[in-house]
Every structure is written in C-alpha cells, then in structure tokens.
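Shown here: start-v5.csv, CSV, C-alpha atoms.
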chain,number,residue,atom,x,y,z
T,1,MET,CA,-47.6,53.7,162.0
T,2,GLY,CA,-47.3,50.1,160.9
T,3,ARG,CA,-50.9,50.1,159.7
T,4,ASN,CA,-51.9,48.2,156.6
T,5,LEU,CA,-51.6,50.7,153.6
T,6,LYS,CA,-55.2,50.0,152.4
T,7,GLY,CA,-56.5,50.9,155.9
T,8,ALA,CA,-54.3,54.0,156.2
T,9,GLN,CA,-55.5,55.2,152.8
T,10,ALA,CA,-59.1,54.7,153.8
T,11,ALA,CA,-58.5,56.7,157.0
T,12,ALA,CA,-56.8,59.5,155.0
T,13,VAL,CA,-59.8,59.7,152.5
T,14,ALA,CA,-62.2,59.7,155.5
T,15,ALA,CA,-60.3,62.6,156.9
T,16,GLY,CA,-60.6,64.5,153.6
T,17,PHE,CA,-57.1,63.9,152.2
T,18,LYS,CA,-55.9,62.3,149.0
T,19,SER,CA,-53.1,59.7,149.4
T,20,ILE,CA,-50.0,58.5,147.5
T,21,SER,CA,-47.4,56.0,148.6
T,22,HIS,CA,-43.7,55.2,147.9
T,23,ASP,CA,-41.2,52.5,149.0
T,24,ALA,CA,-39.8,53.4,152.4
T,25,GLY,CA,-36.5,51.6,151.7
T,26,PRO,CA,-33.7,52.8,149.5
T,27,GLY,CA,-35.3,51.1,146.4
T,28,ASP,CA,-38.4,52.2,144.5
T,29,THR,CA,-40.6,49.1,144.6
T,30,GLY,CA,-44.0,49.7,143.1
T,31,GLN,CA,-47.1,48.7,145.2
T,32,TRP,CA,-49.4,46.6,143.1
T,33,ALA,CA,-51.8,45.5,145.8
T,34,ASP,CA,-52.2,48.0,148.7
T,35,GLY,CA,-53.3,45.3,151.1
T,36,ASN,CA,-49.8,43.7,150.9
T,37,TRP,CA,-48.1,46.8,152.2
T,38,LYS,CA,-47.9,48.6,155.5
T,39,ALA,CA,-47.4,52.3,156.1
T,40,CYS,CA,-44.2,53.1,158.1
T,41,PHE,CA,-44.2,56.9,157.9
T,42,GLN,CA,-46.6,59.6,156.6
T,43,ALA,CA,-46.0,63.2,155.6
T,44,LEU,CA,-47.7,65.8,153.5
T,45,ALA,CA,-46.8,65.2,149.9
T,46,ASP,CA,-44.5,67.8,148.2
T,47,LYS,CA,-46.8,67.7,145.1
T,48,PRO,CA,-50.5,67.4,146.0
T,49,VAL,CA,-52.9,65.4,143.8
T,50,GLY,CA,-55.0,68.0,142.2
T,51,LYS,CA,-55.9,70.8,144.7
T,52,GLN,CA,-56.6,68.6,147.6
T,53,THR,CA,-54.1,68.1,150.4
T,54,THR,CA,-52.3,64.8,149.9
T,55,ILE,CA,-50.7,62.5,152.4
T,56,ASP,CA,-47.6,60.5,151.2
T,57,PHE,CA,-47.2,57.2,152.9
T,58,ALA,CA,-43.7,55.5,153.0
T,59,VAL,CA,-44.4,51.8,152.9
T,60,THR,CA,-42.8,48.3,153.2
T,61,ARG,CA,-44.2,44.9,152.5
T,62,ASN,CA,-46.4,43.6,155.4
T,63,GLU,CA,-43.8,41.0,156.3
T,64,TRP,CA,-40.9,43.4,156.4
T,65,PRO,CA,-39.9,45.6,159.3
T,66,CYS,CA,-40.0,49.4,158.8
T,67,PRO,CA,-36.6,51.1,158.4
T,68,GLY,CA,-35.4,53.6,161.0
T,69,THR,CA,-36.2,56.6,158.8
T,70,ASP,CA,-37.7,56.9,155.4
T,71,GLY,CA,-35.2,55.9,152.7
T,72,ASP,CA,-32.9,53.9,155.1
T,73,PRO,CA,-32.2,50.2,154.4
T,74,ILE,CA,-34.9,47.9,155.7
T,75,PRO,CA,-33.6,45.8,158.6
T,76,SER,CA,-33.5,42.1,158.1
T,77,SER,CA,-36.2,40.1,159.8
T,78,SER,CA,-34.9,36.6,158.8
T,79,GLY,CA,-32.6,35.7,161.7
T,80,GLY,CA,-28.9,35.2,161.0
T,81,GLY,CA,-29.0,37.9,158.3
T,82,GLY,CA,-27.9,40.7,160.5
T,83,SER,CA,-29.3,44.2,160.2
T,84,VAL,CA,-28.7,44.7,156.5
T,85,TYR,CA,-31.5,44.3,154.0
T,86,TYR,CA,-31.2,44.0,150.2
T,87,LYS,CA,-34.5,44.3,148.3
T,88,ASN,CA,-33.2,41.9,145.6
T,89,CYS,CA,-29.9,40.5,144.2
T,90,ASP,CA,-29.3,43.5,142.0
T,91,ALA,CA,-29.3,45.6,145.1
T,92,ALA,CA,-26.9,43.2,146.9
T,93,LYS,CA,-24.6,43.2,143.8
T,94,ALA,CA,-24.7,47.0,143.6
T,95,ALA,CA,-23.5,47.2,147.2
T,96,ASN,CA,-20.7,44.7,146.4
T,97,ALA,CA,-22.2,42.3,148.9
T,98,ALA,CA,-23.0,39.3,146.6
T,99,PRO,CA,-22.8,36.4,147.0
T,100,ILE,CA,-24.2,36.3,150.6
T,101,ARG,CA,-23.8,33.2,152.7
T,102,ARG,CA,-26.3,32.0,155.3
T,103,GLY,CA,-25.6,33.9,158.5
T,104,GLU,CA,-24.0,36.9,156.8
T,105,PRO,CA,-25.6,40.3,157.0
T,106,GLY,CA,-28.3,40.6,154.3
T,107,TYR,CA,-28.9,36.9,153.7
T,108,ARG,CA,-32.5,35.8,153.5
T,109,ASN,CA,-34.2,32.8,152.0
T,110,ALA,CA,-36.0,34.9,149.3
T,111,LEU,CA,-32.6,35.7,147.8
T,112,ASP,CA,-31.3,32.1,147.8
T,113,ARG,CA,-33.1,30.8,144.7
T,114,ASP,CA,-31.7,27.3,144.9
T,115,GLY,CA,-31.7,26.9,148.7
T,116,ASP,CA,-27.9,26.1,148.9
T,117,GLY,CA,-27.2,28.6,151.6
T,118,ILE,CA,-25.7,31.1,149.2
T,119,ALA,CA,-27.9,34.0,148.1
T,120,CYS,CA,-27.3,36.0,144.9
T,121,ASP,CA,-24.7,33.6,143.5
T,122,ARG,CA,-24.1,33.9,139.8
T,123,ILE,CA,-24.1,30.3,138.8
T,124,THR,CA,-26.6,28.1,140.5
T,125,PRO,CA,-26.5,24.3,140.6
T,126,LEU,CA,-29.6,24.4,138.4
T,127,SER,CA,-27.8,26.2,135.6
T,128,ARG,CA,-24.8,23.8,135.9
T,129,ARG,CA,-27.1,20.8,135.7
T,130,ALA,CA,-28.9,22.3,132.7
T,131,CYS,CA,-25.5,22.4,130.8
T,132,ALA,CA,-24.3,19.0,132.0
T,133,GLY,CA,-23.9,16.6,129.0
T,134,VAL,CA,-24.2,19.3,126.4
T,135,THR,CA,-21.7,18.6,123.6
T,136,MET,CA,-20.6,20.5,120.5
T,137,GLU,CA,-21.8,17.6,118.4
T,138,MET,CA,-25.3,18.2,119.5
T,139,PHE,CA,-25.2,21.5,117.5
T,140,GLY,CA,-23.4,20.1,114.5
T,141,PHE,CA,-19.9,21.1,115.4
T,142,LYS,CA,-16.9,18.9,115.5
T,143,ALA,CA,-15.2,18.7,118.9
T,144,PRO,CA,-11.6,19.8,119.0
T,145,GLU,CA,-8.9,17.2,119.8
T,146,HIS,CA,-8.0,19.1,122.9
T,147,HIS,CA,-9.3,22.1,124.8
T,148,PRO,CA,-7.2,25.2,123.9
T,149,GLY,CA,-6.6,25.9,127.6
T,150,GLN,CA,-5.1,22.5,128.2
T,151,LEU,CA,-1.4,21.8,127.8
T,152,ARG,CA,-0.5,18.7,125.8
T,153,ALA,CA,1.7,16.2,127.5
T,154,ARG,CA,5.3,16.4,126.5
T,155,ARG,CA,6.9,13.3,125.2

Take the structure in the file and give it back as structure tokens.
Amino acid sequence: MGRNLKGAQAAAVAAGFKSISHDAGPGDTGQWADGNWKACFQALADKPVGKQTTIDFAVTRNEWPCPGTDGDPIPSSSGGGGSVYYKNCDAAKAANAAPIRRGEPGYRNALDRDGDGIACDRITPLSRRACAGVTMEMFGFKAPEHHPGQLRARR
C-alpha cells in the first residue's frame, strides 16, 4: 500500500467496490481531504455500504509513515523523536509523556507550538508574556499590601 487515498478509492470503485477509510493509528482522525492521506492497509469492511462489497482503507497523513499494523502507534519520522508517535498533545498527555523535549521519543516540531524545544508544555512563553505587566488595578481592584504566600520580615 502507501498509495494516495484518493487514488486507492478510485481504483476500488473501478474494480466495482465501495470504499470507506479510517485512521490507521490509535486515534480517530477524520479525513477531510482524501488527497492528503495515504492508504496503509486495506480489508473488506465489516459493514458494507449498502449491498455492495466495501473496502475499508486504514490511512495516515501523506507525510507520516504507516504503522506496523492497523491501530498501532505511528512511528515518528522527525529524527530525534524516536519511534513513538503522538497524534497531538492530548494523546501525549494521556500517555503521561508530556512535556516532551527535543530528542526524546515522540517529540516533533508540530507539537512544539512556541519552538522552544519542549513540546506539549502547559505554559508557553507566549502565555507568560501575555500576562506580563497585568495588575489588579487594571481591573479596578486594590492590590494587597503583601502576597498571602509571602512571609513578612520579622523585626
């Protein structure tokens, strides 16, 4: 396999089949544009579309490698990231792998929103910068004399 999904679907129709597709990885990513996906595996669908025999294509994005078998994690193709693939940061967090540093298994640039070498980190420098300089007075509140977590100096 490894053929573009759109081409694989056209070949299936030409051979007299209907076709459906699903994410070949452990996730359930929807395929919006069939030209952006490639077929990794094919099998007869458990539930045919109508009365016609249906082929079910297991697919990944064109730029991703196919997993070893349908449903396995997709191997990383971004050097330094090892052989683990996380579809998104939610998947990395669910696997207790976040945050992921550059060079660690599963790291890839697409998960590193701010480009600091740490993917799926909760607080990004952007969010820290966005809060810098914000004071309680800006919202009409009076600032406390000291922060409740600070200890006052003893005299």

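In this comparison, which uses all atoms listed in the file, the residue of T:Gly25, T:Thr54, T:Asn62, T:Lys18 approaching T:Arg3 most closely is T:Asn62.
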
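Distances from T:Ala119, T:Ala12, T:Val59, T:Ala43 to T:Ala24 were compared using all atoms listed in the file, and the smallest one belongs to T:Val59.
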
Taking 3 positions as the minimum chain separation for residues in the same chain, which residues sit within 7 Å of T:Tyr86 when counting only C-alpha atoms? Answer as a CSV table (one decimal) with C-alpha atoms, in the coordinates of the input.
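Saved file around-v3.csv follows:
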chain,number,residue,atom,x,y,z
T,91,ALA,CA,-29.3,45.6,145.1
T,92,ALA,CA,-26.9,43.2,146.9
T,106,GLY,CA,-28.3,40.6,154.3

Protein, DNA and RNA residues within 12 Å of (-33.2, 42.9, 152.6), all atoms listed in the file, as a VMD selection string | chain T and resid 25 to 27 60 to 61 63 to 67 72 to 79 81 to 92 95 97 100 104 to 112 119 to 120

With all atoms listed in the file as the basis for distance, which of T:Val49, T:Asp56, T:Gly2, T:Gln9 is at the shortest distance from T:Ser21?
-> T:Asp56

Point-to-point distance in Å for atom CA of T:Gly16 and atom CA of T:Asp46 = 17.3 Å

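Between atom CA of T:Asn96 and atom CA of T:Asp23 lies a distance of 22.1 Å.
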
Distance atom CA of T:His22-atom CA of T:Pro99, one decimal place?
->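 Here the two named atoms are 28.1 Å from each other.
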
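Using only C-alpha atoms, the shortest contact distance between T:Ala58 and any of T:Ala94, T:Ala45, T:Cys40, T:Ala14 is found at T:Cys40.
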